[in-house]
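What follows is a single structure, written as structure tokens, with notes after it.
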Amino acid sequence: MLHAPMLAVFALLTTLVNAQSHLFLLQDIWPPGPGEALVPQEPPAELTGILNSISPARIESTIRTLVSFGTRHTLSNQTDPERGIGAARDWVASELRSYGGRLQVEVPSYIQPPASRIPTATNISDIIATLPGTTDPNRVYVVSGHYDSRVSDVMNFSDDAPGADDDGSGVAVSMELARVMATQELDATIIFAVVAGEEQGLYGSAFLADTLKNASVNVQGMLDNDIVGSSTADDGTTDPFNIRMFVRGIPPTDSARAIADRVDIGGENDAPARQLARFAVEVASNAVTNMSVQMIYRPDRYLRGGDQESFLNDGFPAVRFTEPHENFAHQHQDVRVVDGVQFGDLLEFCDFEFISRVAKVNGAILWSLASAPVTPQNVTLDSSTLTNNSTLRWSLDASVDAYEIVWRPTEVPFGHMLFLLVGLPRRRWNFRRIMCISG
């Protein structure tokens, strides 16, 4: 079964179980090119059923409950059963456990010593629902939203901070996907994360990313949903069928030499996060999600950041989803009315149908990734000899039946072709990716 986002496969390479690497000279085996344009694969029936079970009403109920805790500021009360971040934490964990199925729910915590925006030692708790993979459990994909909230003064932990959009909407995406996917048996593991401390400095996501890195977990993709609750701009215009996806180019973990090498071959647009994003666009922009995923070549919006940075800083591919138009009167604001204008991150400004479509986008990506084979490892393009041919090398995986090689012109973000090309001039074309196919 082909789970990669392609319909046609024009050539297959037989897996050599005992081989460590494979040398493939394109002109020796490929028929005349330039190939055939790839057509994104439509969601299969199983995935369509999952996505269609996402409920706008349940998403609304989740956000309404989060807002009811008054404030979810990281420095707010952790023991009050009705108000503060502790009450929110306990409710999220209880709700995730109620979904049953194969989910494994835990609340990992640590004490953050005094630091930026943390004046005293503070407990930081994440809530993690894990759907274990059946055949490749150490390969992990993460979807996350943050449950802490704030008002105008980032240190004000007393006043109401509803946080409906920022980031009750992202939390609702993680929780609703955990609910509808709780019984799934997929090859790889999915972590549905709800993290704390984002507004104070990405503390919860850094704790999660560091924990996974220190445990040598193979995190192959992280999806951060932060402010995905509305498509209405401050001028009233709407874009309800589009979601922005912010994607960093050069990884922050690249050394100076690695950056120089990447730039020297024109590969700054082909970093792992960008490839993850291209895959996301292909599998999640369709009639089932009823959304268009807009890839933006920046780590985040200007002057803003998010939990995807914690994963990028630990060497994991990560992207951020944010609504197409933002109204800054509804973010990081005290709840108030000024000259007839309502300020504050209130429930009334959320569009629950829109959030459900964002959840479908994330669900399509996660299911497709977790159902597909592992990312090909140790892929290199040999540029040591002056020639118009291209020699590719990669490590073989005994569990893989075949590989696809696709390419695209360097000047376009997509528009790639499948596997039929001879005598490829390096100066003009980029190899898009090598992909594994399971039988």
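FYI, nothing fancy with the structure tokens labels: chains A, B, ... in order, residues from 1 per chain, ligands from 1 as they appear.
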*Non-local contacts of Tyr297 of chain A (9 Å; only C-alpha atoms; under 3 positions in same chain excluded) as a list in words*: Met245, Phe246, Val247, Arg248, Gly249, Asn269, Arg274 and Asp300 of chain A
*What lies within 8 Å of segment 339-347 of chain A using only C-alpha atoms, ignoring chain neighbours under 2 positions off, as a count of residues only?*
21
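Each of A:Ala233, A:Ala129, A:Val173, A:Val281 was compared to Arg58 of chain A using only C-alpha atoms, and A:Val173 turns out to be the nearest.
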_Given only C-alpha atoms as the counted atoms, nearest of A:Ser384, A:Thr130, A:Ser144, A:Thr211 to Arg97 of chain A_ =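 Checking each candidate against Arg97 of chain A, we get A:Thr130 as the closest.
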Non-local contacts of Leu131 of chain A (12 Å; only C-alpha atoms; under 6 positions in same chain excluded) as a compact mmCIF listing (two decimals) with N, CA and C atoms, in the first residue's frame:
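Written out: around17.txt:
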# COMPACT_ATOMS: atom_id res chain seq x y z
N LEU A 96 -8.43 13.62 28.41
CA LEU A 96 -7.67 12.76 27.52
C LEU A 96 -7.78 11.30 27.96
N TYR A 99 -10.87 9.32 26.80
CA TYR A 99 -10.98 8.90 25.40
C TYR A 99 -10.67 7.41 25.23
N GLY A 100 -9.95 6.82 26.18
CA GLY A 100 -9.70 5.39 26.15
C GLY A 100 -8.88 4.95 24.95
N GLY A 101 -9.31 3.84 24.35
CA GLY A 101 -8.58 3.31 23.19
C GLY A 101 -7.18 2.89 23.56
N ARG A 102 -6.21 3.23 22.73
CA ARG A 102 -4.82 2.84 22.93
C ARG A 102 -3.98 3.99 23.50
N LEU A 103 -4.63 5.08 23.86
CA LEU A 103 -3.90 6.24 24.36
C LEU A 103 -3.26 5.97 25.72
N GLN A 104 -2.05 6.47 25.88
CA GLN A 104 -1.35 6.41 27.16
C GLN A 104 -1.11 7.85 27.61
N VAL A 105 -1.76 8.25 28.71
CA VAL A 105 -1.75 9.64 29.14
C VAL A 105 -0.88 9.80 30.38
N GLU A 106 -0.02 10.82 30.35
CA GLU A 106 0.82 11.13 31.49
C GLU A 106 0.97 12.64 31.60
N PRO A 137 7.73 1.97 16.81
CA PRO A 137 7.28 2.87 17.88
C PRO A 137 8.27 3.98 18.23
N ASN A 138 9.55 3.83 17.91
CA ASN A 138 10.51 4.87 18.25
C ASN A 138 10.51 6.01 17.24
N ARG A 139 9.81 5.82 16.12
CA ARG A 139 9.61 6.91 15.17
C ARG A 139 8.36 7.67 15.60
N VAL A 140 8.53 8.96 15.88
CA VAL A 140 7.49 9.72 16.57
C VAL A 140 7.15 10.99 15.82
N TYR A 141 5.85 11.31 15.81
CA TYR A 141 5.35 12.59 15.31
C TYR A 141 4.56 13.26 16.42
N VAL A 142 4.74 14.56 16.57
CA VAL A 142 4.16 15.32 17.67
C VAL A 142 3.23 16.39 17.14
N VAL A 143 2.05 16.52 17.75
CA VAL A 143 1.17 17.66 17.49
C VAL A 143 0.93 18.34 18.83
N LEU A 177 -7.96 15.54 18.03
CA LEU A 177 -7.27 14.51 17.25
C LEU A 177 -6.98 13.28 18.11
N ALA A 178 -6.61 13.50 19.37
CA ALA A 178 -6.41 12.35 20.26
C ALA A 178 -7.69 11.54 20.39
N ARG A 179 -8.82 12.22 20.47
CA ARG A 179 -10.10 11.52 20.61
C ARG A 179 -10.42 10.68 19.38
N VAL A 180 -10.32 11.27 18.20
CA VAL A 180 -10.76 10.56 17.00
C VAL A 180 -9.74 9.51 16.54
N MET A 181 -8.51 9.59 17.03
CA MET A 181 -7.49 8.64 16.61
C MET A 181 -7.12 7.65 17.71
N ALA A 182 -7.85 7.66 18.81
CA ALA A 182 -7.47 6.90 20.01
C ALA A 182 -7.36 5.40 19.76
N THR A 183 -8.13 4.87 18.84
CA THR A 183 -8.12 3.42 18.61
C THR A 183 -7.29 3.00 17.40
N GLN A 184 -6.66 3.95 16.73
CA GLN A 184 -5.92 3.65 15.51
C GLN A 184 -4.66 2.83 15.80
N GLU A 185 -4.31 1.97 14.85
CA GLU A 185 -3.07 1.21 14.91
C GLU A 185 -2.23 1.61 13.70
N LEU A 186 -1.29 2.50 13.94
CA LEU A 186 -0.42 3.03 12.89
C LEU A 186 1.00 2.56 13.11
N ASP A 187 1.80 2.58 12.06
CA ASP A 187 3.18 2.08 12.17
C ASP A 187 3.99 2.85 13.20
N ALA A 188 3.95 4.19 13.11
CA ALA A 188 4.75 5.04 13.99
C ALA A 188 3.90 5.60 15.13
N THR A 189 4.57 6.19 16.09
CA THR A 189 3.91 6.74 17.28
C THR A 189 3.50 8.19 17.05
N ILE A 190 2.35 8.56 17.59
CA ILE A 190 1.90 9.96 17.58
C ILE A 190 1.77 10.43 19.02
N ILE A 191 2.33 11.60 19.31
CA ILE A 191 2.17 12.23 20.61
C ILE A 191 1.26 13.44 20.45
N PHE A 192 0.15 13.43 21.18
CA PHE A 192 -0.76 14.57 21.24
C PHE A 192 -0.40 15.35 22.49
N ALA A 193 0.23 16.50 22.31
CA ALA A 193 0.80 17.23 23.44
C ALA A 193 0.01 18.50 23.75
N LEU A 366 -0.64 13.88 10.12
CA LEU A 366 -0.17 12.90 11.10
C LEU A 366 -0.45 11.47 10.65
N TRP A 367 -1.65 11.20 10.18
CA TRP A 367 -2.00 9.85 9.76
C TRP A 367 -1.12 9.42 8.58
N ALA A 370 2.50 8.79 9.92
CA ALA A 370 2.61 7.63 10.80
C ALA A 370 2.29 6.33 10.08
*Run DSSP on the backbone and grab whatever in segment 44-279 of chain A lands in strand (DSSP E); send it over as a ChimeraX atom specification.*
/A:104-106,109-112,122-125,127-131,136-146,188-195,218-225,242-246
*Go through A:Leu208, A:Leu223, A:Leu276, A:Val154 and flag the residue nearest Pro119 of chain A, using only C-alpha atoms for the distances.*
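Counting only C-alpha atoms, the residue closest to Pro119 of chain A is A:Val154.
Counting only C-alpha atoms and comparing A:Val228, A:Val219, A:Leu303, A:Ile59, the residue that lies closest to Ala273 of chain A is A:Val219.
Of the listed residues (A:Gln41, A:Ser109, A:Thr322, A:Thr74), A:Thr322 comes nearest to Pro299 of chain A; the distances count only C-alpha atoms.
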*asked:* From the options A:Pro81, A:Pro413, A:Pro43, A:Pro324, which residue's atoms come nearest to Asp239 of chain A, counting only C-alpha atoms?
replied: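 Among the listed residues, the smallest separation from Asp239 of chain A belongs to A:Pro324.
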*With a distance cut-off of 12 Å and only C-alpha atoms, select the neighbouring residues of Phe311 of chain A, excluding the residue or stretch itself and same-chain residues fewer than 2 positions from it, and output the selection as a ChimeraX atom specification.*
/A:141-144,202-213,218-224,248,251-253,273,306-309,313-320
Test item: residues at most 10 Å from Ile124 of chain A, only C-alpha atoms, excluding those fewer than 3 positions along its chain, as a short mmCIF file (atom, residue, chain, number, x, y, z; two decimals) with N, CA, C and O atoms, in the first residue's frame:
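Produced file result_5.cif, reproduced below:
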data_model
loop_
_atom_site.label_atom_id
_atom_site.label_comp_id
_atom_site.auth_asym_id
_atom_site.auth_seq_id
_atom_site.Cartn_x
_atom_site.Cartn_y
_atom_site.Cartn_z
N THR A 74 0.88 30.71 33.57
CA THR A 74 1.84 29.74 34.12
C THR A 74 2.12 29.98 35.60
O THR A 74 2.37 29.02 36.35
N LEU A 75 2.04 31.23 36.04
CA LEU A 75 2.32 31.56 37.44
C LEU A 75 1.07 31.55 38.31
O LEU A 75 1.15 31.86 39.51
N GLN A 78 -1.94 26.55 41.23
CA GLN A 78 -1.81 25.17 40.72
C GLN A 78 -2.59 24.16 41.55
O GLN A 78 -2.62 22.97 41.20
N ILE A 85 -4.07 27.54 36.36
CA ILE A 85 -3.48 26.58 35.44
C ILE A 85 -3.53 25.15 35.98
O ILE A 85 -3.61 24.19 35.20
N GLY A 86 -3.52 25.00 37.31
CA GLY A 86 -3.60 23.66 37.87
C GLY A 86 -4.92 22.99 37.58
O GLY A 86 -4.98 21.80 37.24
N VAL A 107 1.42 13.08 32.79
CA VAL A 107 1.59 14.51 33.07
C VAL A 107 3.02 14.73 33.56
O VAL A 107 3.26 14.88 34.76
N PRO A 108 3.99 14.75 32.67
CA PRO A 108 5.38 14.98 33.09
C PRO A 108 5.56 16.43 33.54
O PRO A 108 5.02 17.36 32.94
N SER A 109 6.30 16.60 34.64
CA SER A 109 6.49 17.93 35.23
C SER A 109 7.93 18.12 35.68
O SER A 109 8.67 17.15 35.86
N TYR A 110 8.30 19.37 35.87
CA TYR A 110 9.59 19.70 36.46
C TYR A 110 9.48 21.06 37.14
O TYR A 110 8.53 21.82 36.88
N ILE A 111 10.40 21.36 37.99
CA ILE A 111 10.43 22.66 38.66
C ILE A 111 11.39 23.57 37.92
O ILE A 111 12.59 23.29 37.83
N GLN A 112 10.85 24.65 37.37
CA GLN A 112 11.66 25.63 36.66
C GLN A 112 12.23 26.63 37.66
O GLN A 112 11.47 27.34 38.32
N ALA A 121 10.65 29.77 41.74
CA ALA A 121 10.61 28.37 41.29
C ALA A 121 9.16 27.96 41.01
O ALA A 121 8.28 28.14 41.85
N VAL A 195 1.04 21.67 26.19
CA VAL A 195 2.21 22.10 26.96
C VAL A 195 1.95 23.42 27.67
O VAL A 195 1.06 24.20 27.29
N ALA A 196 2.74 23.68 28.69
CA ALA A 196 2.62 24.90 29.50
C ALA A 196 3.82 25.81 29.25
O ALA A 196 4.78 25.44 28.56
N GLY A 197 3.76 27.01 29.82
CA GLY A 197 4.92 27.90 29.86
C GLY A 197 5.29 28.54 28.55
O GLY A 197 6.36 29.15 28.46
N TYR A 203 8.80 27.17 27.89
CA TYR A 203 9.38 26.25 28.87
C TYR A 203 8.84 24.83 28.73
O TYR A 203 9.60 23.85 28.78
N GLY A 204 7.54 24.68 28.57
CA GLY A 204 6.96 23.33 28.50
C GLY A 204 7.38 22.58 27.26
O GLY A 204 7.70 21.39 27.31
N PHE A 207 10.98 21.48 27.54
CA PHE A 207 11.05 20.31 28.42
C PHE A 207 10.68 19.04 27.66
O PHE A 207 11.37 18.01 27.76
#
*Give me, please, the distance in Å between atom CA of Asn225 of chain A and atom CA of Asp167 of chain A, quoted to one decimal.*
8.1 Å
*asked:* From a backbone DSSP assignment, name each residue in segment 258-294 of chain A labelled alpha helix (DSSP H), as a ChimeraX atom specification.
replied: /A:258-264,272-284
Please dump the current selection as a compact mmCIF listing (two decimals), in the first residue's frame; keep C-alpha atoms.
# COMPACT_ATOMS: atom_id res chain seq x y z
CA ALA A 258 27.11 22.90 7.44
CA ILE A 259 25.46 26.21 6.62
CA ALA A 260 28.24 27.06 4.16
CA ASP A 261 27.90 23.66 2.49
CA ARG A 262 24.12 23.97 2.30
CA VAL A 263 24.29 27.44 0.75
CA ASP A 264 27.07 26.37 -1.64
CA PRO A 272 14.10 18.85 6.75
CA ALA A 273 11.45 21.28 8.01
CA ARG A 274 10.80 22.54 4.48
CA GLN A 275 10.46 18.97 3.20
CA LEU A 276 8.06 18.17 6.04
CA ALA A 277 6.06 21.23 5.04
CA ARG A 278 5.91 20.23 1.37
CA PHE A 279 4.60 16.83 2.39
CA ALA A 280 2.02 18.58 4.59
CA VAL A 281 0.77 20.71 1.72
CA GLU A 282 0.40 17.66 -0.54
CA VAL A 283 -1.59 15.50 1.87
CA ALA A 284 -3.67 18.17 3.62
*Mind giving me the straight-line distance from atom CA of Asn378 of chain A to atom CA of Leu396 of chain A in Å, one decimal?*
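Calculated distance between atom CA of Asn378 of chain A and atom CA of Leu396 of chain A is 9.2 Å.
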_Nearby residues (only C-alpha atoms) at most 7 Å from Asn242 of chain A, same-chain spacing under 6 positions excluded, as a list in words_ = Met291, Ser292, Val293, Gln294 and Pro324 of chain A
Keeping N, CA and C atoms for every residue in the selection just given, could you write it to a file as a PDB file, in the first residue's frame?
ATOM      1  N   MET A 291      -9.456  22.729   2.986  1.00  0.00           N
ATOM      2  CA  MET A 291      -8.512  23.777   3.352  1.00  0.00           C
ATOM      3  C   MET A 291      -7.360  23.831   2.362  1.00  0.00           C
ATOM      4  N   SER A 292      -6.765  24.994   2.260  1.00  0.00           N
ATOM      5  CA  SER A 292      -5.523  25.192   1.528  1.00  0.00           C
ATOM      6  C   SER A 292      -4.434  25.533   2.533  1.00  0.00           C
ATOM      7  N   VAL A 293      -3.331  24.805   2.494  1.00  0.00           N
ATOM      8  CA  VAL A 293      -2.222  25.044   3.404  1.00  0.00           C
ATOM      9  C   VAL A 293      -1.228  25.971   2.721  1.00  0.00           C
ATOM     10  N   GLN A 294      -1.013  27.126   3.305  1.00  0.00           N
ATOM     11  CA  GLN A 294      -0.139  28.150   2.729  1.00  0.00           C
ATOM     12  C   GLN A 294       1.225  28.098   3.415  1.00  0.00           C
ATOM     13  N   PRO A 324      -5.016  32.610   9.125  1.00  0.00           N
ATOM     14  CA  PRO A 324      -4.552  33.421   7.989  1.00  0.00           C
ATOM     15  C   PRO A 324      -4.519  34.919   8.270  1.00  0.00           C
TER      16      PRO A 324
END
_as a ChimeraX atom specification, please: the residues near Arg72 of chain A (cut-off 6 Å, only C-alpha atoms, same-chain neighbours under 3 positions excluded)._
/A:84-85,148-149
